[in-house]
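See below for the structure under consideration.
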Amino acid sequence: MFRIRGPVHQLRMPQWCRTYAAQIPTIKKVAPQPFNSIPTPSTSAQVKTLLKLLRKDFNMVEHMSKRHQELGPVYKENILPGIADVTVSCCSPADTEAMLRCDGKYPVRPQLGPLESIRKELKLYKGISEASGEEWYKVRSVVNNHFLRNRSVWSYGEKHLKVSRDFMEYIAKNLDSNNEVPDFENALKYWSLEAAGVFSLDTRLGLFDDEVNETSLELIKAMDLFFENLCKLVFGVQFWKTFETFTYKDLKNCQKEIYNAVSLHRQAVQHSSNGKETNQLQSFLNSSLLTDNEKDMVMVDFLSGGIETTAMSSIFPLYLLAIHPEKQDILRQEIKKYIGDFSIDSGKVLAEMPYLNAVLRETQRIFPFAPFYSRKFKNGIVLSNYQVPPDQLVISSANVVNNKDPAYFHEPDLFKPERWLDPAQRKKAAFATVGSFGAGARKCPGRKFALQEIHSLIAAILSQYRIEYHYKPIRAKLGLVSYPSEKARFTFIPLNE
């Protein structure tokens, strides 16, 4: 056995080691290339893009995928010269990891201009999605403490399952002669708002009652119009920046109506609790770290995300299960095993169902609910060895570029939830996609509630029905989130038939 004498840093290599080491070529660190060297599409290609935009047959996902095929893992482009800003798009796992590591304490996410403007006019807190810097960090820290801990989310699991069971009664009452639910998408919005109200308003809105109260109907109508108008303003020509358009005015009225309704609910919850903290919402509302305005807008954001994002997101796993009955059978057996009598004390049961979780992860791979995530970096960032300057808009398109790449996913065109049960596959896919709820410190604050709601919905449906789909294949189309390209016309066949 060799014995080392003296400090390690004073050791000398034998002559043969020094000779061999001298023959190894030194790897020099290559300086990042300047911003203007980032690949850019030709003028003719940009003109074609502009024409597609004018014809309204523009598909952003297809566009970005094609650009990456032509120009590589990073490129820059301005699809609306004089109106929009130059955008840097990247897709490589290494760049995705670099973006996450450069987030810092106060990650900057580009704001939705019309929403920021309206909330400023109405003297409202910007909201978790729109705020930045210390203002964002203060509110997000309180939200994380009260709503993102697993035990906080799981404490609502039984109530979420009850909402989904009530939804099953609604389905049973409304099945037509084809065993379909007319306007199922709208029914899903009722379900998602009812589920969101459980934790963000501490109440059941009664949307499945025989007689729905007028206040709840007005709230859901206002939220529908809110998203419709916001989409028009974000993706349309930005006339609202010059003068108050009809759409901008409608959005402002919707925001005011939603805020007033939520504020009244918050006051009622605080009054009924008398300072006691029997659940996470009451604990949050009693926090002295936030103003009432900030608390109200957090609740508004939770509800807004609940009705639109969760409702539309739930269609995709139902569709994939409907067209893959063998996967549906596997999941049904797991549901029987974990919640045979359909009663749970905690959402932990749903969270720990491996195949159910795998189905959701595989669905997010095939149909990313949020196709992109964007950032601006205060100190700039290096992507694919290109220097991106400070405050430049960067979009990660990894979710829609890599999700069908066989380099990361074996047989990517197949619906295979089993791939997510394999640790080696999960490791291989790390940073290839970032999931549908964003990434890093600004990941969707309501993601755990949304997943618990979708888990409870799928468990409730498959415990009572075999679902089928017999129409045109569903694809994802882009709005503020991904929407199904076709109506969600599912056939619900009772298991006892």
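Identifiers in the structure tokens: chain A, B, ... in order shown; residue index from 1 per chain; ligand index from 1 in order shown.
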Neighbouring residues of range 206-221 of chain A were defined as those with any atom within 7 Å, considering only C-alpha atoms; residues of the same chain fewer than 4 positions away were excluded. Please report them as a VMD selection string.
chain A and resid 170 190 194 225 258
Could you pull out all residues of range 172-230 of chain A with a DSSP call of alpha helix (DSSP H) and give them as number ranges by chain?
A: 172-174, 184-200, 214-230
Nearest to Asn402 in chain A: which of A:Pro182, A:Pro107, A:Pro114, A:Pro93 is it, counting only C-alpha atoms?
A:Pro93
Nearest residue to Gln46 in chain A out of A:Leu80, A:Met168, A:Leu290, A:Val382, using only C-alpha atoms?
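Ranking A:Leu80, A:Met168, A:Leu290, A:Val382 by distance to Gln46 in chain A, first place goes to A:Leu80.
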Give me the residues within 12 Å of Ser177 in chain A as a JSON list (two decimals) with all heavy atoms, in the first residue's frame, counting only C-alpha atoms and dropping any in the same chain fewer than 5 places off.
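Saved as around15.json:
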```json
[["chain", "number", "residue", "atom", "x", "y", "z"],
["A", 172, "ALA", "N", -74.66, 11.33, -16.13],
["A", 172, "ALA", "CA", -75.72, 10.32, -16.19],
["A", 172, "ALA", "C", -77.07, 10.94, -16.56],
["A", 172, "ALA", "O", -77.85, 10.36, -17.32],
["A", 172, "ALA", "CB", -75.81, 9.59, -14.86],
["A", 182, "PRO", "N", -74.17, 16.44, -24.53],
["A", 182, "PRO", "CA", -74.17, 17.63, -25.40],
["A", 182, "PRO", "C", -73.32, 18.75, -24.81],
["A", 182, "PRO", "O", -73.39, 19.01, -23.61],
["A", 182, "PRO", "CB", -75.66, 18.02, -25.46],
["A", 182, "PRO", "CG", -76.40, 16.77, -25.13],
["A", 182, "PRO", "CD", -75.53, 16.04, -24.13],
["A", 491, "THR", "N", -68.18, 9.16, -26.10],
["A", 491, "THR", "CA", -69.26, 8.23, -25.81],
["A", 491, "THR", "C", -69.01, 7.62, -24.44],
["A", 491, "THR", "O", -67.91, 7.12, -24.17],
["A", 491, "THR", "CB", -69.31, 7.10, -26.86],
["A", 491, "THR", "OG1", -69.44, 7.68, -28.17],
["A", 491, "THR", "CG2", -70.49, 6.17, -26.60],
["A", 492, "PHE", "N", -70.01, 7.70, -23.55],
["A", 492, "PHE", "CA", -69.89, 7.17, -22.19],
["A", 492, "PHE", "C", -70.74, 5.91, -22.08],
["A", 492, "PHE", "O", -71.98, 5.99, -22.08],
["A", 492, "PHE", "CB", -70.34, 8.22, -21.17],
["A", 492, "PHE", "CG", -69.46, 9.44, -21.13],
["A", 492, "PHE", "CD1", -69.72, 10.53, -21.97],
["A", 492, "PHE", "CD2", -68.40, 9.52, -20.25],
["A", 492, "PHE", "CE1", -68.92, 11.67, -21.93],
["A", 492, "PHE", "CE2", -67.59, 10.65, -20.21],
["A", 492, "PHE", "CZ", -67.85, 11.72, -21.05],
["A", 493, "ILE", "N", -70.09, 4.77, -21.98],
["A", 493, "ILE", "CA", -70.79, 3.50, -21.89],
["A", 493, "ILE", "C", -70.70, 2.99, -20.46],
["A", 493, "ILE", "O", -69.60, 2.67, -19.98],
["A", 493, "ILE", "CB", -70.19, 2.47, -22.87],
["A", 493, "ILE", "CG1", -70.24, 3.01, -24.30],
["A", 493, "ILE", "CG2", -70.93, 1.13, -22.76],
["A", 493, "ILE", "CD1", -69.54, 2.15, -25.31]]
```
Work out how far CA of Asp224 in chain A is from CA of Phe369 in chain A, in Å to one decimal.
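Rounded to one decimal, the two atoms are 18.1 Å apart.
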For Asn59 in chain A, which of A:Arg442, A:Arg165, A:Arg375, A:Lys477 is the closest residue, counting only C-alpha atoms?
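The answer is A:Lys477, which sits nearest to Asn59 in chain A.
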Residues within 12 Å of Gly305 in chain A, please, as a ChimeraX atom specification. Count only C-alpha atoms; anything in the same chain fewer than 6 positions from it doesn't count.
/A:127-129,189,192-193,195-197,200,223-224,226-227,298-299,311-313,437,444-447,449-450,480-481
What does the file look like for those residues with N, CA, C and O atoms, as a short mmCIF file (atom, residue, chain, number, x, y, z; two decimals), in the first residue's frame?
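As a result, part-v9.cif now contains:
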```cif
data_model
loop_
_atom_site.label_atom_id
_atom_site.label_comp_id
_atom_site.auth_asym_id
_atom_site.auth_seq_id
_atom_site.Cartn_x
_atom_site.Cartn_y
_atom_site.Cartn_z
N GLY A 127 -51.06 40.56 -10.30
CA GLY A 127 -51.30 39.12 -10.32
C GLY A 127 -49.98 38.36 -10.34
O GLY A 127 -48.94 38.90 -10.75
N ILE A 128 -50.03 37.11 -9.93
CA ILE A 128 -48.81 36.30 -9.87
C ILE A 128 -48.18 36.14 -11.25
O ILE A 128 -46.97 36.10 -11.40
N SER A 129 -49.01 36.06 -12.28
CA SER A 129 -48.49 35.83 -13.63
C SER A 129 -47.85 37.07 -14.23
O SER A 129 -46.93 36.98 -15.04
N LYS A 189 -66.10 23.02 -18.17
CA LYS A 189 -65.81 24.32 -17.57
C LYS A 189 -66.56 24.48 -16.24
O LYS A 189 -66.03 25.03 -15.28
N SER A 192 -64.59 22.34 -13.78
CA SER A 192 -63.30 22.90 -13.36
C SER A 192 -63.48 24.13 -12.46
O SER A 192 -62.72 24.33 -11.51
N LEU A 193 -64.51 24.94 -12.74
CA LEU A 193 -64.76 26.10 -11.88
C LEU A 193 -65.27 25.65 -10.51
O LEU A 193 -64.88 26.21 -9.48
N ALA A 195 -64.50 22.85 -9.05
CA ALA A 195 -63.34 22.30 -8.34
C ALA A 195 -62.40 23.41 -7.87
O ALA A 195 -61.86 23.35 -6.75
N ALA A 196 -62.21 24.43 -8.70
CA ALA A 196 -61.33 25.54 -8.30
C ALA A 196 -61.93 26.33 -7.15
O ALA A 196 -61.21 26.83 -6.28
N GLY A 197 -63.25 26.45 -7.13
CA GLY A 197 -63.91 27.18 -6.06
C GLY A 197 -63.74 26.55 -4.69
O GLY A 197 -63.77 27.23 -3.66
N SER A 200 -60.08 27.92 -3.78
CA SER A 200 -59.79 29.35 -3.94
C SER A 200 -60.89 30.25 -3.40
O SER A 200 -60.68 31.45 -3.20
N MET A 223 -65.89 34.89 -17.03
CA MET A 223 -64.60 34.26 -17.25
C MET A 223 -64.45 33.76 -18.68
O MET A 223 -63.37 33.83 -19.26
N ASP A 224 -65.52 33.26 -19.26
CA ASP A 224 -65.49 32.86 -20.67
C ASP A 224 -65.14 34.05 -21.56
O ASP A 224 -64.29 33.97 -22.45
N PHE A 226 -63.73 36.81 -20.62
CA PHE A 226 -62.41 37.28 -20.25
C PHE A 226 -61.34 36.62 -21.14
O PHE A 226 -60.50 37.30 -21.74
N PHE A 227 -61.37 35.29 -21.24
CA PHE A 227 -60.36 34.59 -22.04
C PHE A 227 -60.54 34.84 -23.53
O PHE A 227 -59.57 34.96 -24.27
N VAL A 298 -54.80 37.03 -6.22
CA VAL A 298 -54.31 35.65 -6.19
C VAL A 298 -55.48 34.70 -6.41
O VAL A 298 -55.41 33.74 -7.19
N MET A 299 -56.59 34.96 -5.73
CA MET A 299 -57.79 34.14 -5.88
C MET A 299 -58.35 34.24 -7.29
O MET A 299 -58.82 33.25 -7.87
N ALA A 311 -59.92 22.79 -17.61
CA ALA A 311 -60.99 22.21 -18.43
C ALA A 311 -60.45 21.72 -19.77
O ALA A 311 -60.72 20.58 -20.19
N MET A 312 -59.70 22.57 -20.46
CA MET A 312 -59.18 22.18 -21.78
C MET A 312 -58.12 21.09 -21.66
O MET A 312 -58.05 20.17 -22.48
N SER A 313 -57.30 21.17 -20.60
CA SER A 313 -56.24 20.18 -20.41
C SER A 313 -56.80 18.78 -20.17
O SER A 313 -56.19 17.78 -20.54
N PHE A 437 -46.66 23.05 -17.25
CA PHE A 437 -46.98 24.07 -16.25
C PHE A 437 -45.84 25.06 -16.07
O PHE A 437 -45.68 25.67 -15.02
N CYS A 444 -46.33 27.32 -12.81
CA CYS A 444 -47.73 27.61 -12.46
C CYS A 444 -47.99 27.31 -10.98
O CYS A 444 -47.81 26.18 -10.52
N PRO A 445 -48.43 28.30 -10.21
CA PRO A 445 -48.65 28.09 -8.78
C PRO A 445 -49.82 27.16 -8.48
O PRO A 445 -49.92 26.62 -7.38
N GLY A 446 -50.72 26.99 -9.43
CA GLY A 446 -51.87 26.13 -9.20
C GLY A 446 -51.74 24.75 -9.82
O GLY A 446 -52.71 24.00 -9.87
N ARG A 447 -50.52 24.38 -10.22
CA ARG A 447 -50.34 23.13 -10.97
C ARG A 447 -50.74 21.89 -10.17
O ARG A 447 -51.33 20.96 -10.72
N PHE A 449 -52.91 21.64 -7.74
CA PHE A 449 -54.35 21.56 -7.65
C PHE A 449 -54.95 21.10 -8.98
O PHE A 449 -55.87 20.28 -9.01
N ALA A 450 -54.43 21.65 -10.08
CA ALA A 450 -54.94 21.27 -11.40
C ALA A 450 -54.77 19.77 -11.66
O ALA A 450 -55.69 19.09 -12.13
N LEU A 480 -53.99 30.95 -25.70
CA LEU A 480 -53.20 31.24 -24.50
C LEU A 480 -52.68 29.94 -23.89
O LEU A 480 -51.65 29.91 -23.23
N VAL A 481 -53.44 28.86 -24.10
CA VAL A 481 -53.00 27.50 -23.79
C VAL A 481 -53.35 26.64 -25.00
O VAL A 481 -53.86 27.15 -25.99
#
```
Find the residues near Ala45 in chain A: any atom within 12 Å, counting only C-alpha atoms, skip ones fewer than 2 places away on the same chain, and give them as a PyMOL selection string.
chain A and resi 40-43+47-52+63+66-67+70-71+77-79
Go ahead and save the residues from that selection, with C-alpha atoms, as a PDB file, in the first residue's frame.
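The result, written out as again08.pdb:
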```
ATOM      1  CA  THR A  40     -32.016  34.350 -38.899  1.00  0.00           C
ATOM      2  CA  PRO A  41     -34.519  33.332 -41.620  1.00  0.00           C
ATOM      3  CA  SER A  42     -34.139  34.897 -45.029  1.00  0.00           C
ATOM      4  CA  THR A  43     -36.180  37.934 -46.046  1.00  0.00           C
ATOM      5  CA  VAL A  47     -42.410  37.623 -46.018  1.00  0.00           C
ATOM      6  CA  LYS A  48     -44.103  34.212 -46.392  1.00  0.00           C
ATOM      7  CA  THR A  49     -44.656  34.123 -42.637  1.00  0.00           C
ATOM      8  CA  LEU A  50     -46.212  37.589 -42.699  1.00  0.00           C
ATOM      9  CA  LEU A  51     -48.589  36.541 -45.493  1.00  0.00           C
ATOM     10  CA  LYS A  52     -49.677  33.498 -43.483  1.00  0.00           C
ATOM     11  CA  HIS A  63     -43.684  27.455 -37.742  1.00  0.00           C
ATOM     12  CA  LYS A  66     -39.779  24.192 -39.166  1.00  0.00           C
ATOM     13  CA  ARG A  67     -37.490  27.096 -38.295  1.00  0.00           C
ATOM     14  CA  GLU A  70     -33.800  24.862 -41.020  1.00  0.00           C
ATOM     15  CA  LEU A  71     -31.698  27.030 -38.700  1.00  0.00           C
ATOM     16  CA  GLU A  77     -36.832  36.314 -35.783  1.00  0.00           C
ATOM     17  CA  ASN A  78     -39.336  39.140 -35.803  1.00  0.00           C
ATOM     18  CA  ILE A  79     -42.554  37.818 -37.333  1.00  0.00           C
TER      19      ILE A  79
END
```
